[in-house]
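Below is the file my_file_18.cif, which contains mmCIF, C-alpha atoms and all ligand atoms.
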data_query
loop_
_atom_site.group_PDB
_atom_site.id
_atom_site.type_symbol
_atom_site.label_atom_id
_atom_site.label_comp_id
_atom_site.auth_asym_id
_atom_site.auth_seq_id
_atom_site.Cartn_x
_atom_site.Cartn_y
_atom_site.Cartn_z
ATOM 1 C CA MET A 1208 -167.080 120.694 -95.439
ATOM 2 C CA ALA A 1209 -168.873 117.741 -93.799
ATOM 3 C CA TRP A 1210 -168.143 117.015 -90.161
ATOM 4 C CA ILE A 1211 -165.637 114.337 -91.041
ATOM 5 C CA GLU A 1212 -163.671 115.281 -94.099
ATOM 6 C CA SER A 1213 -160.393 116.792 -95.221
ATOM 7 C CA LYS A 1214 -158.745 117.590 -98.520
ATOM 8 C CA PHE A 1215 -156.429 114.679 -99.335
ATOM 9 C CA ILE A 1216 -156.050 110.991 -98.611
ATOM 10 C CA TRP A 1217 -152.894 109.031 -99.269
ATOM 11 C CA ASP A 1218 -153.600 105.817 -101.183
ATOM 12 C CA ASN A 1219 -150.603 103.685 -102.157
ATOM 13 C CA TRP A 1220 -148.069 106.386 -103.008
ATOM 14 C CA LYS A 1221 -150.641 108.847 -104.297
ATOM 15 C CA PHE A 1222 -152.349 111.749 -102.615
ATOM 16 C CA ILE A 1223 -155.915 111.798 -103.931
ATOM 17 C CA PRO A 1224 -158.777 114.208 -103.199
ATOM 18 C CA TRP A 1225 -160.898 113.019 -100.230
ATOM 19 C CA GLU A 1226 -164.044 112.552 -102.361
ATOM 20 C CA GLN A 1227 -162.244 110.294 -104.867
ATOM 21 C CA SER A 1228 -161.513 107.561 -102.336
ATOM 22 C CA GLN A 1229 -163.432 104.400 -103.249
ATOM 23 C CA ILE A 1230 -163.310 100.660 -102.893
ATOM 24 C CA HIS A 1231 -165.142 97.645 -104.311
ATOM 25 C CA THR A 1232 -167.668 96.006 -101.964
ATOM 26 C CA VAL A 1233 -166.311 92.524 -102.713
ATOM 27 C CA ASN A 1234 -163.148 92.761 -100.693
ATOM 28 C CA HIS A 1235 -161.533 90.493 -98.149
ATOM 29 C CA ALA A 1236 -161.373 92.975 -95.261
ATOM 30 C CA LEU A 1237 -165.043 93.909 -95.508
ATOM 31 C CA HIS A 1238 -166.120 90.274 -95.506
ATOM 32 C CA TYR A 1239 -163.650 88.796 -92.998
ATOM 33 C CA GLY A 1240 -162.129 91.692 -91.051
ATOM 34 C CA THR A 1241 -158.580 91.231 -92.370
ATOM 35 C CA SER A 1242 -157.454 94.759 -91.719
ATOM 36 C CA VAL A 1243 -155.062 96.507 -89.317
ATOM 37 C CA PHE A 1244 -155.006 100.145 -88.337
ATOM 38 C CA GLU A 1245 -153.729 102.883 -86.068
ATOM 39 C CA TRP A 1246 -155.151 105.995 -84.584
ATOM 40 C CA ILE A 1247 -152.640 108.794 -84.233
ATOM 41 C CA ARG A 1248 -153.013 112.366 -82.984
ATOM 42 C CA PHE A 1249 -151.268 115.543 -83.837
ATOM 43 C CA TYR A 1250 -151.335 118.856 -82.031
ATOM 44 C CA GLN A 1251 -150.600 122.463 -82.754
ATOM 45 C CA THR A 1252 -147.285 123.175 -80.998
ATOM 46 C CA PRO A 1253 -145.116 126.331 -80.927
ATOM 47 C CA LYS A 1254 -143.237 124.697 -83.852
ATOM 48 C CA TRP A 1255 -145.945 123.622 -86.347
ATOM 49 C CA PRO A 1256 -148.410 120.792 -85.949
ATOM 50 C CA LYS A 1257 -146.522 117.865 -84.478
ATOM 51 C CA ILE A 1258 -147.524 114.211 -84.512
ATOM 52 C CA PHE A 1259 -147.252 112.465 -81.158
ATOM 53 C CA ARG A 1260 -145.091 109.306 -81.077
ATOM 54 C CA LEU A 1261 -145.641 108.811 -84.793
ATOM 55 C CA LYS A 1262 -142.845 106.312 -85.310
ATOM 56 C CA ASP A 1263 -144.069 104.106 -82.451
ATOM 57 C CA HIS A 1264 -147.552 104.034 -83.932
ATOM 58 C CA ILE A 1265 -146.219 103.104 -87.361
ATOM 59 C CA LYS A 1266 -144.034 100.396 -85.861
ATOM 60 C CA ARG A 1267 -147.111 98.967 -84.103
ATOM 61 C CA LEU A 1268 -148.993 99.119 -87.414
ATOM 62 C CA PHE A 1269 -146.239 97.106 -89.111
ATOM 63 C CA PHE A 1270 -146.281 94.635 -86.230
ATOM 64 C CA SER A 1271 -150.081 94.235 -86.538
ATOM 65 C CA ALA A 1272 -149.668 93.746 -90.295
ATOM 66 C CA SER A 1273 -147.042 91.055 -89.730
ATOM 67 C CA VAL A 1274 -149.574 89.112 -87.629
ATOM 68 C CA LEU A 1275 -151.716 88.786 -90.775
ATOM 69 C CA ASP A 1276 -148.633 88.070 -92.958
ATOM 70 C CA MET A 1277 -149.113 91.335 -94.822
ATOM 71 C CA GLU A 1278 -146.100 92.296 -96.862
ATOM 72 C CA ILE A 1279 -146.096 96.075 -96.810
ATOM 73 C CA PRO A 1280 -144.045 97.435 -99.700
ATOM 74 C CA TYR A 1281 -142.942 100.511 -97.727
ATOM 75 C CA SER A 1282 -140.596 101.082 -94.826
ATOM 76 C CA VAL A 1283 -141.585 102.523 -91.437
ATOM 77 C CA GLU A 1284 -139.612 105.659 -92.403
ATOM 78 C CA ASP A 1285 -141.550 106.005 -95.701
ATOM 79 C CA ILE A 1286 -144.837 105.964 -93.821
ATOM 80 C CA VAL A 1287 -143.634 108.364 -91.126
ATOM 81 C CA ASP A 1288 -142.756 110.755 -93.926
ATOM 82 C CA VAL A 1289 -146.137 110.280 -95.655
ATOM 83 C CA CYS A 1290 -148.003 111.113 -92.421
ATOM 84 C CA ILE A 1291 -146.017 114.334 -91.999
ATOM 85 C CA GLN A 1292 -146.731 115.296 -95.621
ATOM 86 C CA LEU A 1293 -150.415 114.464 -95.253
ATOM 87 C CA VAL A 1294 -150.828 116.804 -92.295
ATOM 88 C CA LYS A 1295 -149.090 119.596 -94.228
ATOM 89 C CA LYS A 1296 -151.081 119.015 -97.421
ATOM 90 C CA ASN A 1297 -154.369 119.098 -95.551
ATOM 91 C CA TRP A 1298 -153.495 122.228 -93.605
ATOM 92 C CA LEU A 1299 -154.727 120.622 -90.457
ATOM 93 C CA GLU A 1300 -153.508 121.746 -87.077
ATOM 94 C CA ASN A 1301 -154.832 119.499 -84.409
ATOM 95 C CA TRP A 1302 -156.572 116.187 -85.064
ATOM 96 C CA TYR A 1303 -156.348 112.544 -86.134
ATOM 97 C CA ILE A 1304 -154.478 110.385 -88.591
ATOM 98 C CA ARG A 1305 -155.864 106.980 -89.519
ATOM 99 C CA PRO A 1306 -153.587 104.583 -91.411
ATOM 100 C CA ILE A 1307 -155.287 101.357 -92.431
ATOM 101 C CA VAL A 1308 -153.852 98.345 -94.244
ATOM 102 C CA PHE A 1309 -156.236 95.720 -95.551
ATOM 103 C CA TYR A 1310 -156.536 92.732 -97.819
ATOM 104 C CA TRP A 1311 -158.589 93.629 -100.756
ATOM 105 C CA TYR A 1312 -159.381 91.993 -104.068
ATOM 106 C CA TRP A 1313 -159.030 88.826 -106.131
ATOM 107 C CA LYS A 1314 -159.209 86.405 -103.269
ATOM 108 C CA MET A 1315 -162.344 85.596 -101.299
ATOM 109 C CA GLY A 1316 -161.374 82.356 -99.541
ATOM 110 C CA LEU A 1317 -160.651 82.706 -95.824
ATOM 111 C CA ASP A 1318 -156.877 82.653 -96.234
ATOM 112 C CA PRO A 1319 -156.062 86.147 -97.506
ATOM 113 C CA ILE A 1320 -152.608 85.346 -98.867
ATOM 114 C CA TRP A 1321 -152.325 86.589 -102.456
ATOM 115 C CA ALA A 1322 -155.201 89.005 -102.053
ATOM 116 C CA ASP A 1323 -154.114 92.514 -103.055
ATOM 117 C CA LEU A 1324 -153.081 94.720 -100.185
ATOM 118 C CA ASP A 1325 -154.254 98.304 -99.871
ATOM 119 C CA PHE A 1326 -152.630 100.933 -97.650
ATOM 120 C CA VAL A 1327 -154.556 104.141 -97.094
ATOM 121 C CA ILE A 1328 -153.881 107.033 -94.728
ATOM 122 C CA SER A 1329 -156.437 109.692 -93.993
ATOM 123 C CA ALA A 1330 -156.413 112.606 -91.576
ATOM 124 C CA TRP A 1331 -159.371 114.604 -90.455
ATOM 125 C CA PRO A 1332 -160.580 117.007 -87.794
ATOM 126 C CA TRP A 1333 -162.761 115.325 -85.224
ATOM 127 C CA TRP A 1334 -164.422 116.051 -81.938
ATOM 128 C CA LYS A 1335 -162.758 115.055 -78.689
ATOM 129 C CA TYR A 1336 -163.869 111.479 -78.163
ATOM 130 C CA LEU A 1337 -164.494 111.646 -74.415
ATOM 131 C CA SER A 1338 -164.528 114.746 -72.288
ATOM 132 C CA SER A 1339 -161.895 115.388 -69.665
ATOM 133 C CA ASP A 1340 -164.757 115.538 -67.148
ATOM 134 C CA PRO A 1341 -164.977 112.328 -65.121
ATOM 135 C CA ILE A 1342 -167.139 109.655 -66.760
ATOM 136 C CA LYS A 1343 -169.422 106.861 -65.542
ATOM 137 C CA VAL A 1344 -168.355 103.362 -66.465
ATOM 138 C CA TRP A 1345 -170.282 100.099 -66.619
ATOM 139 C CA VAL A 1346 -168.518 96.742 -66.104
ATOM 140 C CA SER A 1347 -169.450 94.912 -69.280
ATOM 141 C CA LYS A 1348 -170.582 91.312 -69.591
ATOM 142 C CA PHE A 1349 -168.398 91.122 -72.720
ATOM 143 C CA ARG A 1350 -164.753 90.151 -72.176
ATOM 144 C CA ARG A 1351 -161.482 91.186 -73.687
ATOM 145 C CA LEU A 1352 -160.534 88.212 -75.857
ATOM 146 C CA HIS A 1353 -158.254 85.537 -74.492
ATOM 147 C CA PRO A 1354 -154.703 85.757 -75.949
ATOM 148 C CA GLN A 1355 -155.167 82.265 -77.339
ATOM 149 C CA THR A 1356 -158.038 83.602 -79.433
ATOM 150 C CA ALA A 1357 -155.797 86.022 -81.300
ATOM 151 C CA VAL A 1358 -152.678 88.168 -80.938
ATOM 152 C CA MET A 1359 -153.950 90.755 -78.480
ATOM 153 C CA GLU A 1360 -150.950 93.127 -78.759
ATOM 154 C CA ALA A 1361 -151.864 93.750 -82.409
ATOM 155 C CA LYS A 1362 -154.515 96.192 -83.540
ATOM 156 C CA LEU A 1363 -156.706 94.012 -85.731
ATOM 157 C CA TRP A 1364 -159.979 95.321 -87.078
ATOM 158 C CA TRP A 1365 -162.257 92.485 -86.004
ATOM 159 C CA TYR A 1366 -161.500 92.729 -82.254
ATOM 160 C CA TYR A 1367 -163.414 95.959 -82.275
ATOM 161 C CA ILE A 1368 -166.728 94.182 -82.521
ATOM 162 C CA THR A 1369 -166.353 93.491 -78.763
ATOM 163 C CA SER A 1370 -165.662 97.178 -78.307
ATOM 164 C CA ALA A 1371 -168.777 98.158 -80.231
ATOM 165 C CA LEU A 1372 -170.974 95.645 -78.377
ATOM 166 C CA SER A 1373 -169.751 96.635 -74.929
ATOM 167 C CA HIS A 1374 -170.017 100.330 -75.678
ATOM 168 C CA ARG A 1375 -173.586 99.917 -76.987
ATOM 169 C CA ASP A 1376 -174.541 97.951 -73.900
ATOM 170 C CA ALA A 1377 -173.068 100.556 -71.506
ATOM 171 C CA SER A 1378 -174.612 103.396 -73.435
ATOM 172 C CA LYS A 1379 -178.105 101.824 -73.419
ATOM 173 C CA ARG A 1380 -177.817 101.531 -69.626
ATOM 174 C CA GLY A 1381 -177.044 105.246 -69.343
ATOM 175 C CA PHE A 1382 -173.274 104.970 -68.794
ATOM 176 C CA ASP A 1383 -170.567 106.817 -70.713
ATOM 177 C CA GLU A 1384 -168.354 103.815 -71.274
ATOM 178 C CA ALA A 1385 -167.743 100.127 -70.629
ATOM 179 C CA LEU A 1386 -164.965 98.380 -68.757
ATOM 180 C CA LEU A 1387 -163.875 94.978 -70.030
ATOM 181 C CA LEU A 1388 -162.616 92.228 -67.773
ATOM 182 C CA ASP A 1389 -160.500 89.447 -69.217
ATOM 183 C CA THR A 1390 -161.612 85.822 -69.305
ATOM 184 C CA GLU A 1391 -159.978 85.239 -65.870
ATOM 185 C CA TRP A 1392 -162.143 88.033 -64.372
ATOM 186 C CA PHE A 1393 -159.274 90.510 -64.008
ATOM 187 C CA VAL A 1394 -159.652 94.114 -65.129
ATOM 188 C CA ALA A 1395 -158.396 94.401 -68.717
ATOM 189 C CA GLU A 1396 -159.212 97.696 -70.378
ATOM 190 C CA TRP A 1397 -161.901 99.779 -71.909
ATOM 191 C CA PRO A 1398 -163.034 98.850 -75.472
ATOM 192 C CA GLY A 1399 -160.385 101.197 -76.850
ATOM 193 C CA GLU A 1400 -158.361 102.462 -73.897
ATOM 194 C CA ASN A 1401 -156.039 101.322 -71.168
ATOM 195 C CA ILE A 1402 -156.940 101.832 -67.542
ATOM 196 C CA PHE A 1403 -154.981 103.111 -64.541
ATOM 197 C CA PHE A 1404 -155.808 103.310 -60.837
ATOM 198 C CA ILE A 1405 -154.195 105.557 -58.243
ATOM 199 C CA GLN A 1406 -153.657 104.651 -54.611
ATOM 200 C CA TRP A 1407 -151.503 107.046 -52.535
ATOM 201 C CA ASN A 1408 -148.299 107.318 -54.512
ATOM 202 C CA ASN A 1409 -148.883 104.217 -56.602
ATOM 203 C CA ILE A 1410 -150.165 104.068 -60.135
ATOM 204 C CA ILE A 1411 -151.555 100.619 -60.807
ATOM 205 C CA THR A 1412 -152.368 99.249 -64.249
ATOM 206 C CA PRO A 1413 -153.218 95.773 -65.606
ATOM 207 C CA ALA A 1414 -150.131 93.703 -66.279
ATOM 208 C CA GLY A 1415 -150.766 93.208 -69.915
ATOM 209 C CA TRP A 1416 -151.314 89.619 -70.989
ATOM 210 C CA THR A 1417 -154.556 90.508 -72.748
ATOM 211 C CA ILE A 1418 -154.468 94.289 -73.234
ATOM 212 C CA LEU A 1419 -153.309 96.330 -76.177
ATOM 213 C CA PRO A 1420 -150.059 97.898 -74.890
ATOM 214 C CA GLY A 1421 -151.044 101.485 -75.537
ATOM 215 C CA ILE A 1422 -148.586 104.151 -76.564
ATOM 216 C CA THR A 1423 -150.326 106.638 -74.261
ATOM 217 C CA ARG A 1424 -150.045 104.062 -71.469
ATOM 218 C CA ASP A 1425 -146.343 103.710 -72.164
ATOM 219 C CA SER A 1426 -145.857 107.503 -72.149
ATOM 220 C CA ILE A 1427 -147.752 107.877 -68.864
ATOM 221 C CA MET A 1428 -145.833 105.086 -67.165
ATOM 222 C CA LYS A 1429 -142.586 106.792 -68.124
ATOM 223 C CA PHE A 1430 -143.319 110.342 -67.009
ATOM 224 C CA VAL A 1431 -145.271 109.562 -63.837
ATOM 225 C CA GLN A 1432 -142.341 107.506 -62.656
ATOM 226 C CA ASP A 1433 -139.483 109.719 -63.833
ATOM 227 C CA ASP A 1434 -140.969 113.181 -63.313
ATOM 228 C CA LEU A 1435 -143.945 112.916 -60.942
ATOM 229 C CA LYS A 1436 -142.316 110.324 -58.684
ATOM 230 C CA TYR A 1437 -145.128 107.771 -58.552
ATOM 231 C CA ASN A 1438 -144.436 104.045 -58.290
ATOM 232 C CA VAL A 1439 -145.816 102.253 -61.330
ATOM 233 C CA ILE A 1440 -147.192 98.793 -60.587
ATOM 234 C CA GLN A 1441 -148.248 96.475 -63.404
ATOM 235 C CA THR A 1442 -150.272 93.651 -61.952
ATOM 236 C CA ASP A 1443 -153.472 91.612 -62.120
ATOM 237 C CA ILE A 1444 -156.351 93.665 -60.725
ATOM 238 C CA ALA A 1445 -159.438 91.895 -59.425
ATOM 239 C CA LEU A 1446 -162.721 93.742 -59.620
ATOM 240 C CA GLU A 1447 -163.189 93.513 -55.855
ATOM 241 C CA ASP A 1448 -159.846 95.337 -55.344
ATOM 242 C CA ILE A 1449 -160.831 98.513 -57.102
ATOM 243 C CA SER A 1450 -162.790 99.927 -54.167
ATOM 244 C CA ASN A 1451 -159.385 100.280 -52.419
ATOM 245 C CA PHE A 1452 -158.202 102.741 -55.025
ATOM 246 C CA ASP A 1453 -158.549 106.519 -54.728
ATOM 247 C CA GLU A 1454 -158.909 107.375 -58.408
ATOM 248 C CA ALA A 1455 -159.062 105.787 -61.832
ATOM 249 C CA PHE A 1456 -158.554 107.035 -65.377
ATOM 250 C CA PHE A 1457 -158.492 105.769 -68.939
ATOM 251 C CA SER A 1458 -155.738 106.522 -71.423
ATOM 252 C CA TRP A 1459 -155.592 106.430 -75.184
ATOM 253 C CA THR A 1460 -154.440 108.499 -78.097
ATOM 254 C CA ALA A 1461 -157.811 109.942 -79.034
ATOM 255 C CA ALA A 1462 -159.061 111.042 -75.614
ATOM 256 C CA GLU A 1463 -155.676 111.365 -73.901
ATOM 257 C CA ILE A 1464 -156.583 110.928 -70.238
ATOM 258 C CA THR A 1465 -160.154 110.604 -69.039
ATOM 259 C CA PRO A 1466 -160.829 110.508 -65.292
ATOM 260 C CA ILE A 1467 -163.398 107.983 -64.134
ATOM 261 C CA TRP A 1468 -166.202 109.121 -61.852
ATOM 262 C CA SER A 1469 -167.654 105.718 -61.049
ATOM 263 C CA ILE A 1470 -167.446 102.075 -62.066
ATOM 264 C CA THR A 1471 -170.895 100.454 -62.008
ATOM 265 C CA ASP A 1472 -171.851 100.862 -58.308
ATOM 266 C CA LEU A 1473 -168.530 102.090 -57.018
ATOM 267 C CA ASP A 1474 -168.710 105.837 -56.855
ATOM 268 C CA TRP A 1475 -165.617 107.993 -56.394
ATOM 269 C CA ASN A 1476 -167.932 110.964 -56.200
ATOM 270 C CA LYS A 1477 -168.124 110.303 -52.466
ATOM 271 C CA VAL A 1478 -164.517 111.339 -52.193
ATOM 272 C CA ASP A 1479 -164.133 115.091 -52.313
ATOM 273 C CA TYR A 1480 -160.741 115.021 -54.066
ATOM 274 C CA VAL A 1481 -162.176 113.038 -56.956
ATOM 275 C CA SER A 1482 -159.835 112.949 -59.957
ATOM 276 C CA LYS A 1483 -157.365 115.460 -58.536
ATOM 277 C CA LYS A 1484 -154.249 113.432 -59.349
ATOM 278 C CA SER A 1485 -155.720 112.149 -62.634
ATOM 279 C CA LEU A 1486 -156.234 115.743 -63.743
ATOM 280 C CA GLU A 1487 -152.648 116.655 -62.803
ATOM 281 C CA ILE A 1488 -151.396 113.739 -64.890
ATOM 282 C CA TRP A 1489 -153.645 114.818 -67.741
ATOM 283 C CA LYS A 1490 -152.224 118.378 -67.622
ATOM 284 C CA TYR A 1491 -148.674 117.025 -67.622
ATOM 285 C CA TYR A 1492 -149.484 114.854 -70.640
ATOM 286 C CA MET A 1493 -151.112 117.785 -72.491
ATOM 287 C CA ASP A 1494 -147.971 119.883 -72.039
ATOM 288 C CA ILE A 1495 -145.908 117.079 -73.579
ATOM 289 C CA VAL A 1496 -148.164 116.597 -76.632
ATOM 290 C CA ASN A 1497 -148.465 120.367 -77.125
ATOM 291 C CA GLY A 1498 -144.665 120.705 -77.269
ATOM 292 C CA LYS A 1499 -144.332 122.567 -73.966
ATOM 293 C CA ASN A 1500 -142.015 120.061 -72.283
ATOM 294 C CA PRO A 1501 -138.568 120.049 -73.967
ATOM 295 C CA LYS A 1502 -137.645 116.774 -72.281
ATOM 296 C CA TYR A 1503 -140.097 114.933 -74.538
ATOM 297 C CA GLU A 1504 -139.511 116.779 -77.810
ATOM 298 C CA ASN A 1505 -138.178 113.579 -79.345
ATOM 299 C CA TRP A 1506 -141.728 112.143 -79.098
ATOM 300 C CA LEU A 1507 -142.982 114.794 -81.544
ATOM 301 C CA TYR A 1508 -142.619 114.470 -85.342
HETATM 302 N N1 LIG B 1601 -156.687 99.380 -76.068
HETATM 303 C C1 LIG B 1601 -157.331 99.296 -77.242
HETATM 304 C C2 LIG B 1601 -158.173 98.101 -77.521
HETATM 305 C C3 LIG B 1601 -157.200 100.330 -78.181
HETATM 306 O O1 LIG B 1601 -157.845 100.252 -79.344
HETATM 307 C C4 LIG B 1601 -156.426 101.464 -77.863
HETATM 308 C C5 LIG B 1601 -156.366 102.630 -78.825
HETATM 309 N N2 LIG B 1601 -155.720 102.380 -79.968
HETATM 310 C C6 LIG B 1601 -155.755 101.494 -76.642
HETATM 311 C C7 LIG B 1601 -155.906 100.439 -75.766
HETATM 312 C C8 LIG B 1601 -154.849 102.641 -76.284
HETATM 313 O O2 LIG B 1601 -153.750 102.658 -77.139
HETATM 314 P P1 LIG B 1601 -152.981 104.015 -77.511
HETATM 315 O O3 LIG B 1601 -152.623 104.675 -76.230
HETATM 316 O O4 LIG B 1601 -151.792 103.535 -78.260
HETATM 317 O O5 LIG B 1601 -153.906 104.826 -78.322
#
Rewrite the structure of this file - the entire thing - as C-alpha cells.
Amino acid sequence: MAWIESKFIWDNWKFIPWEQSQIHTVNHALHYGTSVFEWIRFYQTPKWPKIFRLKDHIKRLFFSASVLDMEIPYSVEDIVDVCIQLVKKNWLENWYIRPIVFYWYWKMGLDPIWADLDFVISAWPWWKYLSSDPIKVWVSKFRRLHPQTAVMEAKLWWYYITSALSHRDASKRGFDEALLLDTEWFVAEWPGENIFFIQWNNIITPAGWTILPGITRDSIMKFVQDDLKYNVIQTDIALEDISNFDEAFFSWTAAEITPIWSITDLDWNKVDYVSKKSLEIWKYYMDIVNGKNPKYENWLY
C-alpha cells in the first residue's frame, strides 16, 4: 500500500475501489478553484474508531457549499452516515477523512452554475502533520484575506494558495510554520490553524472577523473555560502585544494542539516553563478525542 491510500472512496452514493477514482482534466474546480472541503479526524477509542465532531464538520461543509450556491443532493445526516460507513469499510482506526464537493463538467465559464457537482469522500492513514514538540514560526509577509475578498468563515479551496505560499516562504527560511496577520496587521491564524496565547489564567485568541472559526478552536474554548477554569478572551491581537504572553499554541483538526517555541525573533525558549500549560491543554484534548472523557462523548460519532 502506498503511503497515502486506502481501500474505498465514496463517490456520489457509490463506494468505489481507491484506484478507480478518476476525473477529467477539463473541470471547473481544477481551472477556477470552485471546490469546498473538510478535514476530519477519527481516533481509536475504547468503543471502536470514533469520528470527532463529525456533524459539525459536515455542517460547515454544507455552509461552505452554500457560499458557492452548490445544491448538494444529500442531507447532513446522509453524509454523517456515509463517513461512518467509510471508516468501517476501510478498516481504518485512527486517521483522516476528506470530503470534497466541487463543480465539475459541462461548464467552463467563470460562473459555475449548471456545472455538474461532484461529491467525493476519502479516508486514509496519514502522518501527524506537526509534532507536539514546540515549533518555530515565521511571521509571513502574506496576509489572511480581507473578509470583503471572500467569505472567510467558509472553507473554499482557493484560499489555500495563501497557505501554500506562506508555508513555502517560512520553510525556505528554516522555520516550521508561518503566522498570518490580517490586512489590519492583527494576528489572524496560521495557514491552516487557529492560534491561542496564554497569559496567567487567560487564554487569548483572535476575535474572528477574518479567521476560519475552527472546530478544534471551539472545542478548546469550551473545555478550558468549563473544566480548566481559564478565562477565554477573543480580541484583536497586535503583533507587538505577543511578547507579553507566556505561551502560544496552534489548534486544528489534523495536528490537534501544537505548542509554539518562537515567533520570528520572539523566543519563549528563554522561559523555563515553555509550553507547560499548552501541553496540559493538549493532553486534555487528546483524552476527549480518544473517548476517555465521558462528558464529551456526544462529540464522538
Ligand atoms: N484555519 C484554517 C484556514 C483551516 O484550514 C483550518 C483547518 N481546517 C483551521 C483554521 C482549523 O479548523 P479546525 O479546527 O476546524 O480543523
Can you translate the PyMOL selection byres (((not hetatm)) within 8 of (chain B and resi 1601)) into the concrete residues it hits in this file, as an mmCIF file with C-alpha atoms, in the coordinates of the input?
data_model
loop_
_atom_site.group_PDB
_atom_site.id
_atom_site.type_symbol
_atom_site.label_atom_id
_atom_site.label_comp_id
_atom_site.auth_asym_id
_atom_site.auth_seq_id
_atom_site.Cartn_x
_atom_site.Cartn_y
_atom_site.Cartn_z
ATOM 1 C CA GLU A 1245 -153.729 102.883 -86.068
ATOM 2 C CA TRP A 1246 -155.151 105.995 -84.584
ATOM 3 C CA ILE A 1247 -152.640 108.794 -84.233
ATOM 4 C CA HIS A 1264 -147.552 104.034 -83.932
ATOM 5 C CA LYS A 1362 -154.515 96.192 -83.540
ATOM 6 C CA TYR A 1366 -161.500 92.729 -82.254
ATOM 7 C CA TYR A 1367 -163.414 95.959 -82.275
ATOM 8 C CA SER A 1370 -165.662 97.178 -78.307
ATOM 9 C CA GLU A 1396 -159.212 97.696 -70.378
ATOM 10 C CA TRP A 1397 -161.901 99.779 -71.909
ATOM 11 C CA PRO A 1398 -163.034 98.850 -75.472
ATOM 12 C CA GLY A 1399 -160.385 101.197 -76.850
ATOM 13 C CA GLU A 1400 -158.361 102.462 -73.897
ATOM 14 C CA ASN A 1401 -156.039 101.322 -71.168
ATOM 15 C CA ILE A 1418 -154.468 94.289 -73.234
ATOM 16 C CA LEU A 1419 -153.309 96.330 -76.177
ATOM 17 C CA PRO A 1420 -150.059 97.898 -74.890
ATOM 18 C CA GLY A 1421 -151.044 101.485 -75.537
ATOM 19 C CA ILE A 1422 -148.586 104.151 -76.564
ATOM 20 C CA THR A 1423 -150.326 106.638 -74.261
ATOM 21 C CA ARG A 1424 -150.045 104.062 -71.469
ATOM 22 C CA ASP A 1425 -146.343 103.710 -72.164
ATOM 23 C CA SER A 1458 -155.738 106.522 -71.423
ATOM 24 C CA TRP A 1459 -155.592 106.430 -75.184
ATOM 25 C CA THR A 1460 -154.440 108.499 -78.097
ATOM 26 C CA ALA A 1461 -157.811 109.942 -79.034
ATOM 27 C CA GLU A 1463 -155.676 111.365 -73.901
#
Just how far from CA of Asn1500 in chain A is CA of Asn1438 in chain A, in Å to one decimal?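 These two atoms are separated by 21.4 Å.
Close contacts of Asp1325 in chain A, defined as residues with an atom at most 7 Å away when counting only C-alpha atoms, with chain neighbours fewer than 6 positions off set aside, comprise Asn1219, Val1308, Phe1309, Tyr1310 and Trp1311 of chain A.
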List, as a PyMOL selection string, every residue that the PyMOL selection byres (((chain A and resi 1413) around 10) and not hetatm) selects in the file provided. chain A and resi 1393-1396+1401-1404+1411-1412+1414-1418+1440-1445
Best match for closeness to Ala1357 in chain A among A:Leu1275, A:Leu1507, A:Ile1223, A:Ile1467, counting all atoms listed in the file: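 Closest residue, counting all atoms listed in the file: A:Leu1275.
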Residues near Leu1237 in chain A, cut-off 12 Å, all atoms listed in the file, skip fewer than 5 positions along chain, as a PyMOL selection string: chain A and resi 1230-1232+1242+1309-1312+1315+1364-1365
Using the selection just defined, write its residues with C-alpha atoms as a compact mmCIF listing (two decimals), in the coordinates of the input.
# COMPACT_ATOMS: atom_id res chain seq x y z
CA ILE A 1230 -163.31 100.66 -102.89
CA HIS A 1231 -165.14 97.64 -104.31
CA THR A 1232 -167.67 96.01 -101.96
CA SER A 1242 -157.45 94.76 -91.72
CA PHE A 1309 -156.24 95.72 -95.55
CA TYR A 1310 -156.54 92.73 -97.82
CA TRP A 1311 -158.59 93.63 -100.76
CA TYR A 1312 -159.38 91.99 -104.07
CA MET A 1315 -162.34 85.60 -101.30
CA TRP A 1364 -159.98 95.32 -87.08
CA TRP A 1365 -162.26 92.48 -86.00
One number please: CA of Lys1348 in chain A to CA of Ser1373 in chain A, in Å, one decimal. 7.6 Å
Can you sort out the box for range 1378-1390 of chain A, edges along x, y and z, all listed atoms in, 8 Å on every side, with centre and edge lengths in Å to one decimal, as lines of an AutoDock Vina configuration file?
center_x = -169.3
center_y = 96.3
center_z = -70.6
size_x = 33.6
size_y = 37.0
size_z = 21.7
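Among the candidates A:Phe1452, A:Tyr1508, A:Tyr1239, A:Tyr1491, the residue lying nearest to Asp1318 in chain A is A:Tyr1239 (atoms considered: all atoms listed in the file).
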Contacts of Lys1221 in chain A within 10 Å, all atoms listed in the file, excl. fewer than 6 positions in-chain, as a ChimeraX atom specification: /A:1215,1289,1327
Can you write just those residues out, C-alpha atoms, as a tab-separated table (two decimals), keeping the file's coordinate frame?
chain	number	residue	atom	x	y	z
A	1215	PHE	CA	-156.43	114.68	-99.34
A	1289	VAL	CA	-146.14	110.28	-95.66
A	1327	VAL	CA	-154.56	104.14	-97.09
Dump as a list in words all residues having an atom at most 6 Å from (-158.4, 108.0, -65.9), computed in the file's coordinates with only C-alpha atoms. Ala1455, Phe1456, Phe1457, Ile1464, Thr1465, Pro1466, Ile1467 and Ser1485 of chain A
Determine the residue membership of the PyMOL selection byres (((chain A and resi 1498) around 9) and not hetatm) for the file above and supply it as a PyMOL selection string. chain A and resi 1250-1254+1257+1493-1497+1499-1501+1503-1504+1507
What does the distance between CA of His1235 in chain A and CA of Leu1363 in chain A come to in Å, to one decimal place?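 Calculated distance between CA of His1235 in chain A and CA of Leu1363 in chain A is 13.8 Å.
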Which of these residues is nearest to Phe1222 in chain A, using all atoms listed in the file: A:Phe1430, A:Trp1468, A:Trp1313, A:Phe1326?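 For Phe1222 in chain A, the nearest of the given residues is A:Phe1326.
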At a cut-off of 9 Å, using only C-alpha atoms, what residues contact Leu1268 in chain A? Leave out same-chain residues fewer than 5 positions from it and give the result as number ranges by chain. A: 1243-1245, 1263, 1273, 1306-1308, 1361-1362
Given all atoms listed in the file as the basis, pick out the residue of A:Val1283, A:Val1233, A:Ile1216, A:Val1431 nearest to Ala1330 in chain A.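 Counting all atoms listed in the file, the residue closest to Ala1330 in chain A is A:Ile1216.
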